[in-house]
Amino acid sequence: MSAKIIDGKKVSEITMDLIRDDVEKWVGAGNRRPFLKVVQVGTDPASTTYIGAKTRACKRVGIDTDTTHLSDTVSAKELKSTIRSFNNDDSIDGILVQLPLPLHLSSHDVIESIDHKKDVDGFHPMNVGRLTVDQPTFKSCTPAGIFELFRYYSIPVKSKHAVVVGASNIVGSPMATMLSRENSEGKATTTICHKYTKDLTQHTIGADILVVAAGQPNLIKAEMVKEGAVIIDVGINRIADETTEKGYKLVGDCDFNGLKNKASWITPVPGGVGPMTVAMLMKNTLLAAKKSIYPEE
Ligand code: BQF
């Protein structure tokens, strides 16, 4: 079988064009333009790249944004008091603290200090909790983006065996929640694998849908998957490559070339899941501006 390519770049552009129409409708009705506040602690180059992608996406859909830069030595107290001032600022709809944070800061504490009504990343325990009980919530952007891809390509999820490799708070865990819940998008039998899983292949070989977010290049090879599986590769790994201008290239967690003759559908890296993550951030920011998740009255 030759896999069909899931074109996340294309679908993200289509999705963002729809969001832009919604933003213009919202602003045309007399509302203030949505505003996203980004907080960057330190100068990690990958973080700077991701913030650049988010800033460009905001421009595309008509959302205003700016980035507050803090030193990598900022204290927890100072960072949280900065966040508090953004929580209390009515001109800010969404707040995003770019991760990872320097090691001296607790991301749990920092995320919890964000007003959950402005938590457009969907990482606050209030939003995570609401996800697990099927209440309206800001959904973590990467899993939400993967579900947009399932919808766009009419890839069925219900009653499938989904296997998620990686149990991070940001991707694997909310992805498994969304796959397994009995709501409009889920209803899959779901297995979570992680670094303590003894025999990874024993689980991946049974997957109809395999979502890989482990941060390990070439973790998933052709002999580990079933013929016709749907492969969603969330990994973004920088591999040294002197033939490129930047000196590196991006690869996922899956052996794309080996899998492309065995899977039914597969996401490339780059241009697969990544652009959808950014598109879903735009969607969440508009939801925050409209107070759709948490109505005022
Ligand atoms: C693409 C992220 C790991 C750690 C922190 C487009 C993005 C990535 C890839 C992007 C990511 C990954 C983001 C592509 C945001 C996704 O063309 O393939 C966009 O900007 N992402 C982040 O903010 O923090 C991370 C991955």
# chains A, B, ... in the order shown; residues from 1 in each chain; ligands from 1
>>> select_by_dssp(residues="region 75-252 of chain A", states="strand (DSSP E)", output="PyMOL selection string")
chain A and resi 94-97+161-165+189-193+209-212+230-233+237-240+248-251
>>> write_last_selection(atoms="C-alpha atoms", output="short mmCIF file (atom, residue, chain, number, x, y, z; two decimals), in the first residue's frame")
data_model
loop_
_atom_site.label_atom_id
_atom_site.label_comp_id
_atom_site.auth_asym_id
_atom_site.auth_seq_id
_atom_site.Cartn_x
_atom_site.Cartn_y
_atom_site.Cartn_z
CA GLY A 94 -5.33 34.96 25.33
CA ILE A 95 -2.08 34.40 27.24
CA LEU A 96 0.59 31.94 26.13
CA VAL A 97 3.80 31.25 28.05
CA HIS A 161 -7.75 0.88 18.15
CA ALA A 162 -5.71 4.03 18.73
CA VAL A 163 -2.23 3.82 20.22
CA VAL A 164 -0.53 6.93 21.58
CA VAL A 165 3.24 6.77 22.09
CA THR A 189 -10.16 2.00 22.15
CA THR A 190 -7.02 3.71 23.33
CA THR A 191 -3.63 2.51 24.54
CA ILE A 192 -1.01 4.85 25.99
CA CYS A 193 2.63 3.79 25.69
CA ILE A 209 -4.32 4.83 14.41
CA LEU A 210 -0.82 5.45 15.76
CA VAL A 211 0.00 8.85 17.27
CA VAL A 212 3.68 9.27 18.06
CA VAL A 230 -2.92 5.74 10.05
CA ILE A 231 0.39 7.27 11.21
CA ILE A 232 0.38 10.65 12.97
CA ASP A 233 3.94 11.80 13.63
CA ASN A 237 13.69 16.58 15.99
CA ARG A 238 16.63 18.64 14.74
CA ILE A 239 19.17 16.42 12.99
CA ALA A 240 22.56 17.77 11.88
CA TYR A 248 20.14 20.91 10.42
CA LYS A 249 16.93 19.36 9.16
CA LEU A 250 13.69 18.44 10.91
CA VAL A 251 12.63 14.81 11.22
#
>>> closest_atom_pairs(of="chain A", to="ligand 1", cutoff="9 Å", atoms="only C-alpha atoms and all ligand atoms", output="JSON lines")
{"residue": "A:Gly8", "atom": "CA", "partner": "ligand 1", "partner_atom_place_in_ligand_line": "17 (O)", "distance": 8.0}
{"residue": "A:Lys9", "atom": "CA", "partner": "ligand 1", "partner_atom_place_in_ligand_line": "17 (O)", "distance": 6.6}
{"residue": "A:Ala46", "atom": "CA", "partner": "ligand 1", "partner_atom_place_in_ligand_line": "5 (C)", "distance": 7.6}
{"residue": "A:Ser47", "atom": "CA", "partner": "ligand 1", "partner_atom_place_in_ligand_line": "24 (O)", "distance": 6.2}
{"residue": "A:Thr48", "atom": "CA", "partner": "ligand 1", "partner_atom_place_in_ligand_line": "23 (O)", "distance": 8.8}
{"residue": "A:Thr49", "atom": "CA", "partner": "ligand 1", "partner_atom_place_in_ligand_line": "20 (O)", "distance": 6.9}
{"residue": "A:Tyr50", "atom": "CA", "partner": "ligand 1", "partner_atom_place_in_ligand_line": "20 (O)", "distance": 3.9}
{"residue": "A:Ile51", "atom": "CA", "partner": "ligand 1", "partner_atom_place_in_ligand_line": "23 (O)", "distance": 6.4}
{"residue": "A:Gly52", "atom": "CA", "partner": "ligand 1", "partner_atom_place_in_ligand_line": "20 (O)", "distance": 7.6}
{"residue": "A:Ala53", "atom": "CA", "partner": "ligand 1", "partner_atom_place_in_ligand_line": "20 (O)", "distance": 5.1}
{"residue": "A:Lys54", "atom": "CA", "partner": "ligand 1", "partner_atom_place_in_ligand_line": "20 (O)", "distance": 6.3}
{"residue": "A:Gln98", "atom": "CA", "partner": "ligand 1", "partner_atom_place_in_ligand_line": "23 (O)", "distance": 6.2}
{"residue": "A:Leu99", "atom": "CA", "partner": "ligand 1", "partner_atom_place_in_ligand_line": "5 (C)", "distance": 5.8}
{"residue": "A:Pro100", "atom": "CA", "partner": "ligand 1", "partner_atom_place_in_ligand_line": "5 (C)", "distance": 6.3}
{"residue": "A:Thr142", "atom": "CA", "partner": "ligand 1", "partner_atom_place_in_ligand_line": "16 (C)", "distance": 7.6}
{"residue": "A:Gly215", "atom": "CA", "partner": "ligand 1", "partner_atom_place_in_ligand_line": "3 (C)", "distance": 8.3}
{"residue": "A:Val234", "atom": "CA", "partner": "ligand 1", "partner_atom_place_in_ligand_line": "12 (C)", "distance": 8.1}
{"residue": "A:Gly235", "atom": "CA", "partner": "ligand 1", "partner_atom_place_in_ligand_line": "26 (C)", "distance": 7.7}
{"residue": "A:Ile236", "atom": "CA", "partner": "ligand 1", "partner_atom_place_in_ligand_line": "26 (C)", "distance": 6.3}
{"residue": "A:Asn237", "atom": "CA", "partner": "ligand 1", "partner_atom_place_in_ligand_line": "3 (C)", "distance": 8.5}
{"residue": "A:Leu250", "atom": "CA", "partner": "ligand 1", "partner_atom_place_in_ligand_line": "18 (O)", "distance": 8.1}
{"residue": "A:Pro268", "atom": "CA", "partner": "ligand 1", "partner_atom_place_in_ligand_line": "18 (O)", "distance": 7.8}
{"residue": "A:Val269", "atom": "CA", "partner": "ligand 1", "partner_atom_place_in_ligand_line": "18 (O)", "distance": 5.3}
{"residue": "A:Pro270", "atom": "CA", "partner": "ligand 1", "partner_atom_place_in_ligand_line": "18 (O)", "distance": 3.2}
{"residue": "A:Gly271", "atom": "CA", "partner": "ligand 1", "partner_atom_place_in_ligand_line": "17 (O)", "distance": 3.9}
{"residue": "A:Gly272", "atom": "CA", "partner": "ligand 1", "partner_atom_place_in_ligand_line": "18 (O)", "distance": 5.5}
{"residue": "A:Val273", "atom": "CA", "partner": "ligand 1", "partner_atom_place_in_ligand_line": "18 (O)", "distance": 6.3}
{"residue": "A:Gly274", "atom": "CA", "partner": "ligand 1", "partner_atom_place_in_ligand_line": "9 (C)", "distance": 3.7}
{"residue": "A:Pro275", "atom": "CA", "partner": "ligand 1", "partner_atom_place_in_ligand_line": "6 (C)", "distance": 3.9}
{"residue": "A:Met276", "atom": "CA", "partner": "ligand 1", "partner_atom_place_in_ligand_line": "19 (C)", "distance": 7.4}
{"residue": "A:Thr277", "atom": "CA", "partner": "ligand 1", "partner_atom_place_in_ligand_line": "16 (C)", "distance": 5.7}
{"residue": "A:Val278", "atom": "CA", "partner": "ligand 1", "partner_atom_place_in_ligand_line": "20 (O)", "distance": 5.9}
{"residue": "A:Ala279", "atom": "CA", "partner": "ligand 1", "partner_atom_place_in_ligand_line": "19 (C)", "distance": 9.0}
>>> closest_residue(among="A:Ala213, A:Ala207, A:Ala229, A:Leu101", to="Pro143 (chain A)", atoms="only C-alpha atoms")
A:Ala213
>>> closest_residue(among="A:Cys254, A:Ile205, A:Leu149, A:Ile6", to="Pro217 (chain A)", atoms="only C-alpha atoms")
A:Cys254
>>> select_by_dssp(residues="region 265-297 of chain A", states="alpha helix (DSSP H)", output="VMD selection string")
chain A and resid 273 to 290
>>> write_last_selection(atoms="N, CA and C atoms", output="compact mmCIF listing (two decimals), in the first residue's frame")
# COMPACT_ATOMS: atom_id res chain seq x y z
N VAL A 273 1.67 17.79 11.37
CA VAL A 273 0.92 18.21 12.55
C VAL A 273 1.28 19.65 12.97
N GLY A 274 2.55 20.03 12.85
CA GLY A 274 3.04 21.33 13.36
C GLY A 274 2.19 22.52 12.95
N PRO A 275 1.93 22.69 11.63
CA PRO A 275 1.13 23.86 11.23
C PRO A 275 -0.29 23.85 11.81
N MET A 276 -0.83 22.65 12.04
CA MET A 276 -2.18 22.57 12.62
C MET A 276 -2.20 23.03 14.07
N THR A 277 -1.09 22.76 14.79
CA THR A 277 -0.97 23.23 16.17
C THR A 277 -1.13 24.75 16.22
N VAL A 278 -0.46 25.41 15.31
CA VAL A 278 -0.50 26.88 15.28
C VAL A 278 -1.90 27.37 14.89
N ALA A 279 -2.52 26.68 13.92
CA ALA A 279 -3.89 27.08 13.51
C ALA A 279 -4.87 26.95 14.67
N MET A 280 -4.71 25.90 15.48
CA MET A 280 -5.63 25.71 16.61
C MET A 280 -5.42 26.77 17.69
N LEU A 281 -4.20 27.28 17.80
CA LEU A 281 -3.96 28.39 18.73
C LEU A 281 -4.76 29.62 18.29
N MET A 282 -4.85 29.83 16.99
CA MET A 282 -5.65 30.95 16.47
C MET A 282 -7.12 30.74 16.81
N LYS A 283 -7.57 29.48 16.63
CA LYS A 283 -8.97 29.16 16.93
C LYS A 283 -9.26 29.42 18.41
N ASN A 284 -8.37 28.95 19.29
CA ASN A 284 -8.58 29.14 20.73
C ASN A 284 -8.57 30.62 21.11
N THR A 285 -7.72 31.40 20.46
CA THR A 285 -7.65 32.83 20.79
C THR A 285 -8.96 33.53 20.41
N LEU A 286 -9.53 33.15 19.26
CA LEU A 286 -10.83 33.72 18.88
C LEU A 286 -11.92 33.28 19.87
N LEU A 287 -11.89 32.01 20.29
CA LEU A 287 -12.86 31.53 21.28
C LEU A 287 -12.73 32.32 22.59
N ALA A 288 -11.48 32.62 22.98
CA ALA A 288 -11.25 33.40 24.20
C ALA A 288 -11.82 34.80 24.06
N ALA A 289 -11.58 35.42 22.91
CA ALA A 289 -12.08 36.79 22.69
C ALA A 289 -13.60 36.82 22.73
N LYS A 290 -14.22 35.79 22.15
CA LYS A 290 -15.69 35.73 22.10
C LYS A 290 -16.29 35.24 23.41
>>> residues_around(residues="Lys226 (chain A)", least_positions_apart="2", cutoff="8 Å", atoms="only C-alpha atoms", output="JSON, numbers by chain")
{"A": [204, 205, 206, 207, 208, 223, 224, 228, 229, 262, 263]}
>>> write_last_selection(atoms="all heavy atoms", output="PDB file, in the first residue's frame")
ATOM      1  N   THR A 204       2.163  -1.205  19.298  1.00  0.00           N
ATOM      2  CA  THR A 204       2.033  -0.428  18.064  1.00  0.00           C
ATOM      3  C   THR A 204       1.524  -1.290  16.907  1.00  0.00           C
ATOM      4  O   THR A 204       0.810  -0.789  16.037  1.00  0.00           O
ATOM      5  CB  THR A 204       3.376   0.222  17.658  1.00  0.00           C
ATOM      6  OG1 THR A 204       4.366  -0.817  17.499  1.00  0.00           O
ATOM      7  CG2 THR A 204       3.842   1.203  18.723  1.00  0.00           C
ATOM      8  N   ILE A 205       1.857  -2.574  16.920  1.00  0.00           N
ATOM      9  CA  ILE A 205       1.492  -3.470  15.804  1.00  0.00           C
ATOM     10  C   ILE A 205      -0.022  -3.635  15.694  1.00  0.00           C
ATOM     11  O   ILE A 205      -0.539  -3.934  14.613  1.00  0.00           O
ATOM     12  CB  ILE A 205       2.209  -4.838  15.973  1.00  0.00           C
ATOM     13  CG1 ILE A 205       2.273  -5.597  14.651  1.00  0.00           C
ATOM     14  CG2 ILE A 205       1.543  -5.703  17.055  1.00  0.00           C
ATOM     15  CD1 ILE A 205       3.441  -5.242  13.802  1.00  0.00           C
ATOM     16  N   GLY A 206      -0.740  -3.378  16.793  1.00  0.00           N
ATOM     17  CA  GLY A 206      -2.198  -3.524  16.773  1.00  0.00           C
ATOM     18  C   GLY A 206      -2.933  -2.235  16.451  1.00  0.00           C
ATOM     19  O   GLY A 206      -4.167  -2.225  16.389  1.00  0.00           O
ATOM     20  N   ALA A 207      -2.195  -1.156  16.229  1.00  0.00           N
ATOM     21  CA  ALA A 207      -2.842   0.159  16.089  1.00  0.00           C
ATOM     22  C   ALA A 207      -3.471   0.349  14.720  1.00  0.00           C
ATOM     23  O   ALA A 207      -2.816   0.143  13.686  1.00  0.00           O
ATOM     24  CB  ALA A 207      -1.816   1.269  16.335  1.00  0.00           C
ATOM     25  N   ASP A 208      -4.746   0.766  14.707  1.00  0.00           N
ATOM     26  CA  ASP A 208      -5.350   1.289  13.472  1.00  0.00           C
ATOM     27  C   ASP A 208      -4.900   2.737  13.276  1.00  0.00           C
ATOM     28  O   ASP A 208      -4.728   3.203  12.164  1.00  0.00           O
ATOM     29  CB  ASP A 208      -6.885   1.256  13.570  1.00  0.00           C
ATOM     30  CG  ASP A 208      -7.413  -0.145  13.833  1.00  0.00           C
ATOM     31  OD1 ASP A 208      -7.037  -1.074  13.095  1.00  0.00           O
ATOM     32  OD2 ASP A 208      -8.206  -0.309  14.794  1.00  0.00           O
ATOM     33  N   GLU A 223       8.318  -2.326  10.504  1.00  0.00           N
ATOM     34  CA  GLU A 223       7.978  -3.649  11.064  1.00  0.00           C
ATOM     35  C   GLU A 223       7.188  -3.539  12.370  1.00  0.00           C
ATOM     36  O   GLU A 223       6.676  -4.544  12.866  1.00  0.00           O
ATOM     37  CB  GLU A 223       9.238  -4.506  11.263  1.00  0.00           C
ATOM     38  CG  GLU A 223      10.281  -3.942  12.221  1.00  0.00           C
ATOM     39  CD  GLU A 223      11.328  -3.055  11.549  1.00  0.00           C
ATOM     40  OE1 GLU A 223      11.049  -2.520  10.441  1.00  0.00           O
ATOM     41  OE2 GLU A 223      12.415  -2.868  12.137  1.00  0.00           O
ATOM     42  N   MET A 224       7.037  -2.320  12.889  1.00  0.00           N
ATOM     43  CA  MET A 224       6.307  -2.130  14.156  1.00  0.00           C
ATOM     44  C   MET A 224       4.839  -1.775  13.941  1.00  0.00           C
ATOM     45  O   MET A 224       4.098  -1.611  14.919  1.00  0.00           O
ATOM     46  CB  MET A 224       6.975  -1.028  14.980  1.00  0.00           C
ATOM     47  CG  MET A 224       8.401  -1.375  15.381  1.00  0.00           C
ATOM     48  SD  MET A 224       9.277   0.028  16.094  1.00  0.00           S
ATOM     49  CE  MET A 224       8.436   0.223  17.650  1.00  0.00           C
ATOM     50  N   GLY A 228      -1.749  -0.674   6.523  1.00  0.00           N
ATOM     51  CA  GLY A 228      -2.952   0.155   6.434  1.00  0.00           C
ATOM     52  C   GLY A 228      -3.195   1.072   7.631  1.00  0.00           C
ATOM     53  O   GLY A 228      -4.204   1.768   7.690  1.00  0.00           O
ATOM     54  N   ALA A 229      -2.269   1.107   8.577  1.00  0.00           N
ATOM     55  CA  ALA A 229      -2.433   1.973   9.753  1.00  0.00           C
ATOM     56  C   ALA A 229      -2.372   3.454   9.354  1.00  0.00           C
ATOM     57  O   ALA A 229      -1.773   3.810   8.331  1.00  0.00           O
ATOM     58  CB  ALA A 229      -1.349   1.672  10.783  1.00  0.00           C
ATOM     59  N   LYS A 262       3.509   1.275   3.745  1.00  0.00           N
ATOM     60  CA  LYS A 262       2.748   0.346   4.579  1.00  0.00           C
ATOM     61  C   LYS A 262       1.506   0.995   5.196  1.00  0.00           C
ATOM     62  O   LYS A 262       0.474   0.344   5.385  1.00  0.00           O
ATOM     63  CB  LYS A 262       3.661  -0.181   5.692  1.00  0.00           C
ATOM     64  CG  LYS A 262       3.158  -1.455   6.306  1.00  0.00           C
ATOM     65  CD  LYS A 262       4.229  -2.144   7.123  1.00  0.00           C
ATOM     66  CE  LYS A 262       3.718  -3.474   7.648  1.00  0.00           C
ATOM     67  NZ  LYS A 262       4.615  -4.016   8.682  1.00  0.00           N
ATOM     68  N   ALA A 263       1.611   2.272   5.483  1.00  0.00           N
ATOM     69  CA  ALA A 263       0.491   2.991   6.105  1.00  0.00           C
ATOM     70  C   ALA A 263      -0.578   3.299   5.059  1.00  0.00           C
ATOM     71  O   ALA A 263      -0.317   3.256   3.847  1.00  0.00           O
ATOM     72  CB  ALA A 263       1.006   4.295   6.720  1.00  0.00           C
TER      73      ALA A 263
END
>>> closest_residue(among="A:Leu200, A:Ile155, A:Ile114, A:Ile220", to="Lys4 (chain A)", atoms="only C-alpha atoms")
A:Ile155
>>> residues_around(residues="Thr68 (chain A)", least_positions_apart="6", cutoff="9 Å", atoms="only C-alpha atoms", output="ChimeraX atom specification")
/A:37-41
>>> write_last_selection(atoms="N, CA and C atoms", output="compact mmCIF listing (two decimals), in the first residue's frame")
# COMPACT_ATOMS: atom_id res chain seq x y z
N LYS A 37 -1.37 37.60 23.97
CA LYS A 37 -0.10 37.97 24.63
C LYS A 37 0.79 36.73 24.72
N VAL A 38 1.99 36.83 24.18
CA VAL A 38 2.97 35.75 24.27
C VAL A 38 4.05 36.16 25.26
N VAL A 39 4.46 35.23 26.11
CA VAL A 39 5.55 35.49 27.07
C VAL A 39 6.69 34.54 26.75
N GLN A 40 7.87 35.13 26.48
CA GLN A 40 9.06 34.31 26.24
C GLN A 40 10.06 34.56 27.37
N VAL A 41 10.44 33.49 28.03
CA VAL A 41 11.46 33.57 29.09
C VAL A 41 12.76 33.03 28.50
>>> closest_residue(among="A:Gly122, A:Gly252, A:Pro156, A:Pro295", to="Leu219 (chain A)", atoms="only C-alpha atoms")
A:Gly252
>>> atom_distance(atom1="CA of Phe35 (chain A)", atom2="CA of Ala76 (chain A)")
24.5 Å
>>> residues_around(residues="region 126-136 of chain A", least_positions_apart="4", cutoff="8 Å", atoms="only C-alpha atoms", output="list in words")
His116, Asp119, Gly122, Pro174, Thr177, Met178, Arg181, Asn183 and Ile293 of chain A
